[in-house]
$ cat protein_37.cif   # mmCIF, C-alpha atoms; chains and numbers go by the auth columns
data_my_file
loop_
_atom_site.group_PDB
_atom_site.id
_atom_site.type_symbol
_atom_site.label_atom_id
_atom_site.label_comp_id
_atom_site.label_asym_id
_atom_site.label_seq_id
_atom_site.Cartn_x
_atom_site.Cartn_y
_atom_site.Cartn_z
_atom_site.B_iso_or_equiv
_atom_site.auth_seq_id
_atom_site.auth_asym_id
ATOM 1 C CA MET A 1 22.766 -38.874 -2.033 0.00 1 A
ATOM 2 C CA ASN A 2 21.038 -40.217 1.035 0.00 2 A
ATOM 3 C CA GLU A 3 17.661 -41.660 -0.062 0.00 3 A
ATOM 4 C CA ALA A 4 15.771 -40.081 2.834 0.00 4 A
ATOM 5 C CA LEU A 5 17.228 -36.665 2.062 0.00 5 A
ATOM 6 C CA ASP A 6 16.537 -37.061 -1.641 0.00 6 A
ATOM 7 C CA ARG A 7 12.926 -37.931 -0.807 0.00 7 A
ATOM 8 C CA LEU A 8 12.714 -34.925 1.530 0.00 8 A
ATOM 9 C CA ALA A 9 14.118 -32.560 -1.105 0.00 9 A
ATOM 10 C CA LYS A 10 11.615 -33.856 -3.669 0.00 10 A
ATOM 11 C CA GLU A 11 8.809 -33.506 -1.131 0.00 11 A
ATOM 12 C CA TYR A 12 9.854 -29.915 -0.413 0.00 12 A
ATOM 13 C CA TRP A 13 9.996 -29.058 -4.111 0.00 13 A
ATOM 14 C CA GLU A 14 6.572 -30.612 -4.624 0.00 14 A
ATOM 15 C CA PHE A 15 5.294 -28.457 -1.754 0.00 15 A
ATOM 16 C CA VAL A 16 6.803 -25.363 -3.419 0.00 16 A
ATOM 17 C CA VAL A 17 5.157 -25.920 -6.798 0.00 17 A
ATOM 18 C CA GLU A 18 1.860 -27.100 -5.336 0.00 18 A
ATOM 19 C CA SER A 19 1.613 -24.084 -3.028 0.00 19 A
ATOM 20 C CA SER A 20 2.647 -21.696 -5.817 0.00 20 A
ATOM 21 C CA PRO A 21 1.027 -22.790 -9.066 0.00 21 A
ATOM 22 C CA VAL A 22 2.284 -19.597 -10.730 0.00 22 A
ATOM 23 C CA GLU A 23 5.900 -20.489 -9.911 0.00 23 A
ATOM 24 C CA ALA A 24 5.296 -24.007 -11.210 0.00 24 A
ATOM 25 C CA LEU A 25 3.844 -22.603 -14.429 0.00 25 A
ATOM 26 C CA MET A 26 6.708 -20.149 -14.887 0.00 26 A
ATOM 27 C CA ARG A 27 9.136 -23.074 -14.546 0.00 27 A
ATOM 28 C CA GLY A 28 7.257 -25.109 -17.165 0.00 28 A
ATOM 29 C CA ASP A 29 5.483 -27.460 -14.724 0.00 29 A
ATOM 30 C CA HIS A 30 1.922 -27.560 -16.067 0.00 30 A
ATOM 31 C CA ARG A 31 0.369 -29.829 -13.432 0.00 31 A
ATOM 32 C CA TYR A 32 -1.228 -26.858 -11.651 0.00 32 A
ATOM 33 C CA ASP A 33 -2.112 -24.619 -14.606 0.00 33 A
ATOM 34 C CA ASP A 34 -5.760 -24.523 -13.562 0.00 34 A
ATOM 35 C CA ARG A 35 -4.893 -22.852 -10.259 0.00 35 A
ATOM 36 C CA PHE A 36 -3.545 -19.529 -9.056 0.00 36 A
ATOM 37 C CA ASP A 37 -1.616 -18.915 -5.842 0.00 37 A
ATOM 38 C CA ASP A 38 -3.841 -18.839 -2.765 0.00 38 A
ATOM 39 C CA LEU A 39 -3.011 -15.497 -1.161 0.00 39 A
ATOM 40 C CA SER A 40 -5.405 -15.838 1.759 0.00 40 A
ATOM 41 C CA LEU A 41 -4.078 -15.407 5.289 0.00 41 A
ATOM 42 C CA ALA A 42 -4.964 -19.024 6.138 0.00 42 A
ATOM 43 C CA ALA A 43 -2.988 -20.333 3.150 0.00 43 A
ATOM 44 C CA GLU A 44 -0.068 -18.076 4.010 0.00 44 A
ATOM 45 C CA ASP A 45 -0.069 -19.375 7.611 0.00 45 A
ATOM 46 C CA ASP A 46 -0.157 -22.948 6.318 0.00 46 A
ATOM 47 C CA ARG A 47 2.823 -22.332 3.996 0.00 47 A
ATOM 48 C CA ILE A 48 4.809 -20.798 6.860 0.00 48 A
ATOM 49 C CA ALA A 49 4.050 -23.735 9.155 0.00 49 A
ATOM 50 C CA ARG A 50 4.931 -26.295 6.467 0.00 50 A
ATOM 51 C CA ARG A 51 8.227 -24.550 5.716 0.00 51 A
ATOM 52 C CA ARG A 52 9.071 -24.472 9.430 0.00 52 A
ATOM 53 C CA GLU A 53 8.373 -28.219 9.539 0.00 53 A
ATOM 54 C CA PHE A 54 10.760 -28.818 6.642 0.00 54 A
ATOM 55 C CA ALA A 55 13.426 -26.667 8.303 0.00 55 A
ATOM 56 C CA GLY A 56 13.168 -28.734 11.481 0.00 56 A
ATOM 57 C CA LEU A 57 13.833 -32.083 9.796 0.00 57 A
ATOM 58 C CA VAL A 58 17.224 -33.715 10.236 0.00 58 A
ATOM 59 C CA ALA A 59 19.149 -35.416 7.426 0.00 59 A
ATOM 60 C CA ASP A 60 22.641 -36.767 6.695 0.00 60 A
ATOM 61 C CA GLU A 61 23.815 -35.040 3.515 0.00 61 A
ATOM 62 C CA ARG A 62 25.244 -31.813 4.867 0.00 62 A
ATOM 63 C CA ILE A 63 25.218 -29.514 1.823 0.00 63 A
ATOM 64 C CA THR A 64 21.795 -30.521 0.515 0.00 64 A
ATOM 65 C CA ARG A 65 20.475 -30.547 4.076 0.00 65 A
ATOM 66 C CA GLU A 66 21.797 -27.039 4.752 0.00 66 A
ATOM 67 C CA VAL A 67 20.412 -25.703 1.473 0.00 67 A
ATOM 68 C CA LEU A 68 17.010 -27.247 2.165 0.00 68 A
ATOM 69 C CA ILE A 69 16.968 -25.875 5.717 0.00 69 A
ATOM 70 C CA HIS A 70 18.023 -22.449 4.464 0.00 70 A
ATOM 71 C CA LEU A 71 15.342 -22.365 1.756 0.00 71 A
ATOM 72 C CA ALA A 72 12.604 -23.503 4.116 0.00 72 A
ATOM 73 C CA ARG A 73 13.566 -20.991 6.815 0.00 73 A
ATOM 74 C CA ALA A 74 14.207 -18.094 4.435 0.00 74 A
ATOM 75 C CA ASN A 75 10.916 -18.598 2.607 0.00 75 A
ATOM 76 C CA ALA A 76 8.994 -18.919 5.890 0.00 76 A
ATOM 77 C CA ASP A 77 10.655 -15.719 7.150 0.00 77 A
ATOM 78 C CA PHE A 78 9.798 -13.988 3.874 0.00 78 A
ATOM 79 C CA ASP A 79 6.163 -15.126 4.032 0.00 79 A
ATOM 80 C CA GLU A 80 5.901 -13.928 7.636 0.00 80 A
ATOM 81 C CA GLN A 81 6.604 -10.409 6.443 0.00 81 A
ATOM 82 C CA ARG A 82 3.171 -10.520 4.770 0.00 82 A
ATOM 83 C CA LEU A 83 4.381 -8.302 1.935 0.00 83 A
ATOM 84 C CA THR A 84 1.203 -8.805 -0.063 0.00 84 A
ATOM 85 C CA GLU A 85 -0.541 -6.735 2.611 0.00 85 A
ATOM 86 C CA LEU A 86 1.915 -3.883 2.033 0.00 86 A
ATOM 87 C CA GLU A 87 1.851 -3.983 -1.752 0.00 87 A
ATOM 88 C CA VAL A 88 -1.375 -2.049 -2.122 0.00 88 A
ATOM 89 C CA ASN A 89 -0.744 0.885 -4.406 0.00 89 A
ATOM 90 C CA HIS A 90 -1.020 1.652 -8.079 0.00 90 A
ATOM 91 C CA ALA A 91 2.614 0.840 -8.941 0.00 91 A
ATOM 92 C CA VAL A 92 3.490 -2.230 -6.876 0.00 92 A
ATOM 93 C CA GLY A 93 1.607 -5.425 -6.194 0.00 93 A
ATOM 94 C CA ILE A 94 -0.122 -8.286 -7.913 0.00 94 A
ATOM 95 C CA GLN A 95 -2.088 -5.975 -10.215 0.00 95 A
ATOM 96 C CA ALA A 96 1.196 -4.565 -11.550 0.00 96 A
ATOM 97 C CA MET A 97 2.767 -8.001 -11.994 0.00 97 A
ATOM 98 C CA LEU A 98 -0.035 -9.640 -13.968 0.00 98 A
ATOM 99 C CA PRO A 99 0.764 -7.865 -17.258 0.00 99 A
ATOM 100 C CA VAL A 100 4.369 -8.985 -16.795 0.00 100 A
ATOM 101 C CA MET A 101 3.737 -12.587 -15.713 0.00 101 A
ATOM 102 C CA VAL A 102 0.924 -13.710 -17.974 0.00 102 A
ATOM 103 C CA PRO A 103 2.751 -13.169 -21.304 0.00 103 A
ATOM 104 C CA GLN A 104 5.615 -15.261 -19.915 0.00 104 A
ATOM 105 C CA TYR A 105 3.475 -18.306 -19.125 0.00 105 A
ATOM 106 C CA PRO A 106 4.903 -21.197 -21.166 0.00 106 A
ATOM 107 C CA LEU A 107 1.635 -22.346 -22.739 0.00 107 A
ATOM 108 C CA THR A 108 3.015 -24.801 -25.253 0.00 108 A
ATOM 109 C CA ALA A 109 0.081 -27.189 -25.594 0.00 109 A
ATOM 110 C CA PRO A 110 -3.697 -26.816 -25.966 0.00 110 A
ATOM 111 C CA GLU A 111 -4.340 -28.381 -22.542 0.00 111 A
ATOM 112 C CA HIS A 112 -2.154 -25.697 -20.927 0.00 112 A
ATOM 113 C CA ALA A 113 -4.340 -22.985 -22.432 0.00 113 A
ATOM 114 C CA GLY A 114 -7.450 -24.956 -21.474 0.00 114 A
ATOM 115 C CA ALA A 115 -6.474 -24.713 -17.805 0.00 115 A
ATOM 116 C CA MET A 116 -6.233 -20.919 -17.926 0.00 116 A
ATOM 117 C CA PRO A 117 -9.911 -20.017 -17.270 0.00 117 A
ATOM 118 C CA SER A 118 -9.726 -21.695 -13.863 0.00 118 A
ATOM 119 C CA HIS A 119 -6.286 -20.161 -13.312 0.00 119 A
ATOM 120 C CA PHE A 120 -7.661 -16.677 -14.022 0.00 120 A
ATOM 121 C CA ARG A 121 -10.588 -17.265 -11.644 0.00 121 A
ATOM 122 C CA GLY A 122 -7.913 -17.968 -9.036 0.00 122 A
ATOM 123 C CA MET A 123 -6.411 -14.569 -9.826 0.00 123 A
ATOM 124 C CA ALA A 124 -9.768 -12.983 -9.081 0.00 124 A
ATOM 125 C CA ARG A 125 -9.860 -14.768 -5.699 0.00 125 A
ATOM 126 C CA ALA A 126 -6.335 -13.495 -5.015 0.00 126 A
ATOM 127 C CA PHE A 127 -7.540 -9.927 -5.486 0.00 127 A
ATOM 128 C CA ASP A 128 -10.368 -10.578 -3.006 0.00 128 A
ATOM 129 C CA ASP A 129 -7.904 -11.995 -0.459 0.00 129 A
#
$ encode --input "protein_37.cif" --output "structure tokens"
Amino acid sequence: MNEALDRLAKEYWEFVVESSPVEALMRGDHRYDDRFDDLSLAAEDDRIARRREFAGLVADERITREVLIHLARANADFDEQRLTELEVNHAVGIQAMLPVMVPQYPLTAPEHAGAMPSHFRGMARAFDD
């Protein structure tokens, strides 16, 4: 694979897990266990802009390039729908997902569990946002 494209793909993935600590945790990446997704409008706008930047980059490897462009554009389009603003009812939304997500967290080491208090404070901020 083209080194520049490989670097870009790794940079995009790092952006994905850093901007969604819950996704990182669910995939077994414990580097961001002490955080929860920032659901504020400013953070959402930043994620959209960053994804648009990734989608605009040019690379040589056609298939990987097209997949990366598709993911960046599709996720930016999805974020622009601002679905978290619509998911405000008793049956759908973050409050309904927490009892589903938390038991699935792969907390396989004491330090993973030790990061959870900060992670849960991030959940509280998400409710405020």
$ resolve_selection --input "protein_37.cif" --expression "the PyMOL selection byres ((chain A and resi 71) around 12)" --output "list in words"
Ala9, Tyr12, Trp13, Val16, Ile48, Arg51, Arg52, Glu53, Phe54, Ala55, Gly56, Thr64, Arg65, Glu66, Val67, Leu68, Ile69, His70, Ala72, Arg73, Ala74, Asn75, Ala76, Asp77, Phe78 and Asp79 of chain A
$ resolve_selection --input "protein_37.cif" --expression "the PyMOL selection byres ((chain A and resi 19-28) around 9)" --output "list in words"
Glu14, Phe15, Val16, Val17, Glu18, Asp29, His30, Arg31, Tyr32, Asp33, Asp34, Arg35, Phe36, Asp37, Asp38, Ala43, Arg47, Met101, Gln104, Tyr105, Pro106, Leu107 and His119 of chain A
$ write_last_selection --input "protein_37.cif" --atoms "C-alpha atoms" --output "CSV table (one decimal), keeping the file's coordinate frame"
chain,number,residue,atom,x,y,z
A,14,GLU,CA,6.6,-30.6,-4.6
A,15,PHE,CA,5.3,-28.5,-1.8
A,16,VAL,CA,6.8,-25.4,-3.4
A,17,VAL,CA,5.2,-25.9,-6.8
A,18,GLU,CA,1.9,-27.1,-5.3
A,29,ASP,CA,5.5,-27.5,-14.7
A,30,HIS,CA,1.9,-27.6,-16.1
A,31,ARG,CA,0.4,-29.8,-13.4
A,32,TYR,CA,-1.2,-26.9,-11.7
A,33,ASP,CA,-2.1,-24.6,-14.6
A,34,ASP,CA,-5.8,-24.5,-13.6
A,35,ARG,CA,-4.9,-22.9,-10.3
A,36,PHE,CA,-3.5,-19.5,-9.1
A,37,ASP,CA,-1.6,-18.9,-5.8
A,38,ASP,CA,-3.8,-18.8,-2.8
A,43,ALA,CA,-3.0,-20.3,3.2
A,47,ARG,CA,2.8,-22.3,4.0
A,101,MET,CA,3.7,-12.6,-15.7
A,104,GLN,CA,5.6,-15.3,-19.9
A,105,TYR,CA,3.5,-18.3,-19.1
A,106,PRO,CA,4.9,-21.2,-21.2
A,107,LEU,CA,1.6,-22.3,-22.7
A,119,HIS,CA,-6.3,-20.2,-13.3
$ closest_residue --input "protein_37.cif" --among "A:Met116, A:Ala49, A:Met123, A:Leu39" --to "Leu83 in chain A" --atoms "only C-alpha atoms"
A:Leu39
$ atom_distance --input "protein_37.cif" --atom1 "CA of Pro99 in chain A" --atom2 "CA of Arg82 in chain A"
22.3 Å
$ atom_distance --input "protein_37.cif" --atom1 "CA of Thr108 in chain A" --atom2 "CA of Phe127 in chain A"
26.9 Å
$ atom_distance --input "protein_37.cif" --atom1 "CA of Glu80 in chain A" --atom2 "CA of Leu41 in chain A"
10.4 Å
$ decode --input "protein_37.cif" --residues "range 22-74 of chain A" --atoms "C-alpha atoms" --output "PDB file, in the first residue's frame"
ATOM      1  CA  VAL A  22     -17.090   4.807  23.486  1.00  0.00           C
ATOM      2  CA  GLU A  23     -16.489   3.267  20.050  1.00  0.00           C
ATOM      3  CA  ALA A  24     -12.824   2.798  20.932  1.00  0.00           C
ATOM      4  CA  LEU A  25     -13.794   1.092  24.186  1.00  0.00           C
ATOM      5  CA  MET A  26     -16.338  -1.158  22.482  1.00  0.00           C
ATOM      6  CA  ARG A  27     -13.603  -2.238  20.049  1.00  0.00           C
ATOM      7  CA  GLY A  28     -11.199  -3.034  22.898  1.00  0.00           C
ATOM      8  CA  ASP A  29      -9.030   0.097  22.550  1.00  0.00           C
ATOM      9  CA  HIS A  30      -8.593   1.242  26.155  1.00  0.00           C
ATOM     10  CA  ARG A  31      -6.538   4.386  25.523  1.00  0.00           C
ATOM     11  CA  TYR A  32      -9.591   6.618  26.016  1.00  0.00           C
ATOM     12  CA  ASP A  33     -11.449   4.726  28.754  1.00  0.00           C
ATOM     13  CA  ASP A  34     -11.458   7.790  30.994  1.00  0.00           C
ATOM     14  CA  ARG A  35     -13.517   9.766  28.483  1.00  0.00           C
ATOM     15  CA  PHE A  36     -17.019   9.712  27.052  1.00  0.00           C
ATOM     16  CA  ASP A  37     -18.078  11.017  23.646  1.00  0.00           C
ATOM     17  CA  ASP A  38     -18.362  14.803  23.529  1.00  0.00           C
ATOM     18  CA  LEU A  39     -21.897  15.381  22.263  1.00  0.00           C
ATOM     19  CA  SER A  40     -21.740  19.168  22.329  1.00  0.00           C
ATOM     20  CA  LEU A  41     -22.619  21.103  19.183  1.00  0.00           C
ATOM     21  CA  ALA A  42     -19.071  22.500  18.967  1.00  0.00           C
ATOM     22  CA  ALA A  43     -17.559  19.001  19.093  1.00  0.00           C
ATOM     23  CA  GLU A  44     -20.051  17.762  16.521  1.00  0.00           C
ATOM     24  CA  ASP A  45     -19.147  20.659  14.187  1.00  0.00           C
ATOM     25  CA  ASP A  46     -15.456  19.879  14.655  1.00  0.00           C
ATOM     26  CA  ARG A  47     -15.982  16.187  13.795  1.00  0.00           C
ATOM     27  CA  ILE A  48     -17.919  17.134  10.657  1.00  0.00           C
ATOM     28  CA  ALA A  49     -15.208  19.556   9.537  1.00  0.00           C
ATOM     29  CA  ARG A  50     -12.427  17.031  10.203  1.00  0.00           C
ATOM     30  CA  ARG A  51     -14.259  14.321   8.261  1.00  0.00           C
ATOM     31  CA  ARG A  52     -14.779  16.714   5.344  1.00  0.00           C
ATOM     32  CA  GLU A  53     -11.034  17.422   5.418  1.00  0.00           C
ATOM     33  CA  PHE A  54     -10.258  13.704   5.243  1.00  0.00           C
ATOM     34  CA  ALA A  55     -12.718  13.257   2.370  1.00  0.00           C
ATOM     35  CA  GLY A  56     -10.991  16.018   0.412  1.00  0.00           C
ATOM     36  CA  LEU A  57      -7.522  14.455   0.552  1.00  0.00           C
ATOM     37  CA  VAL A  58      -6.134  12.794  -2.557  1.00  0.00           C
ATOM     38  CA  ALA A  59      -4.249   9.486  -2.543  1.00  0.00           C
ATOM     39  CA  ASP A  60      -3.020   6.828  -4.989  1.00  0.00           C
ATOM     40  CA  GLU A  61      -4.458   3.518  -3.787  1.00  0.00           C
ATOM     41  CA  ARG A  62      -7.884   3.535  -5.381  1.00  0.00           C
ATOM     42  CA  ILE A  63      -9.839   1.042  -3.257  1.00  0.00           C
ATOM     43  CA  THR A  64      -8.513   2.175   0.120  1.00  0.00           C
ATOM     44  CA  ARG A  65      -8.797   5.789  -1.015  1.00  0.00           C
ATOM     45  CA  GLU A  66     -12.423   5.326  -2.083  1.00  0.00           C
ATOM     46  CA  VAL A  67     -13.323   3.534   1.147  1.00  0.00           C
ATOM     47  CA  LEU A  68     -11.679   6.254   3.230  1.00  0.00           C
ATOM     48  CA  ILE A  69     -13.420   9.001   1.249  1.00  0.00           C
ATOM     49  CA  HIS A  70     -16.744   7.192   1.556  1.00  0.00           C
ATOM     50  CA  LEU A  71     -16.391   6.712   5.322  1.00  0.00           C
ATOM     51  CA  ALA A  72     -15.364  10.311   5.911  1.00  0.00           C
ATOM     52  CA  ARG A  73     -18.200  11.712   3.784  1.00  0.00           C
ATOM     53  CA  ALA A  74     -20.856   9.298   5.046  1.00  0.00           C
TER      54      ALA A  74
END
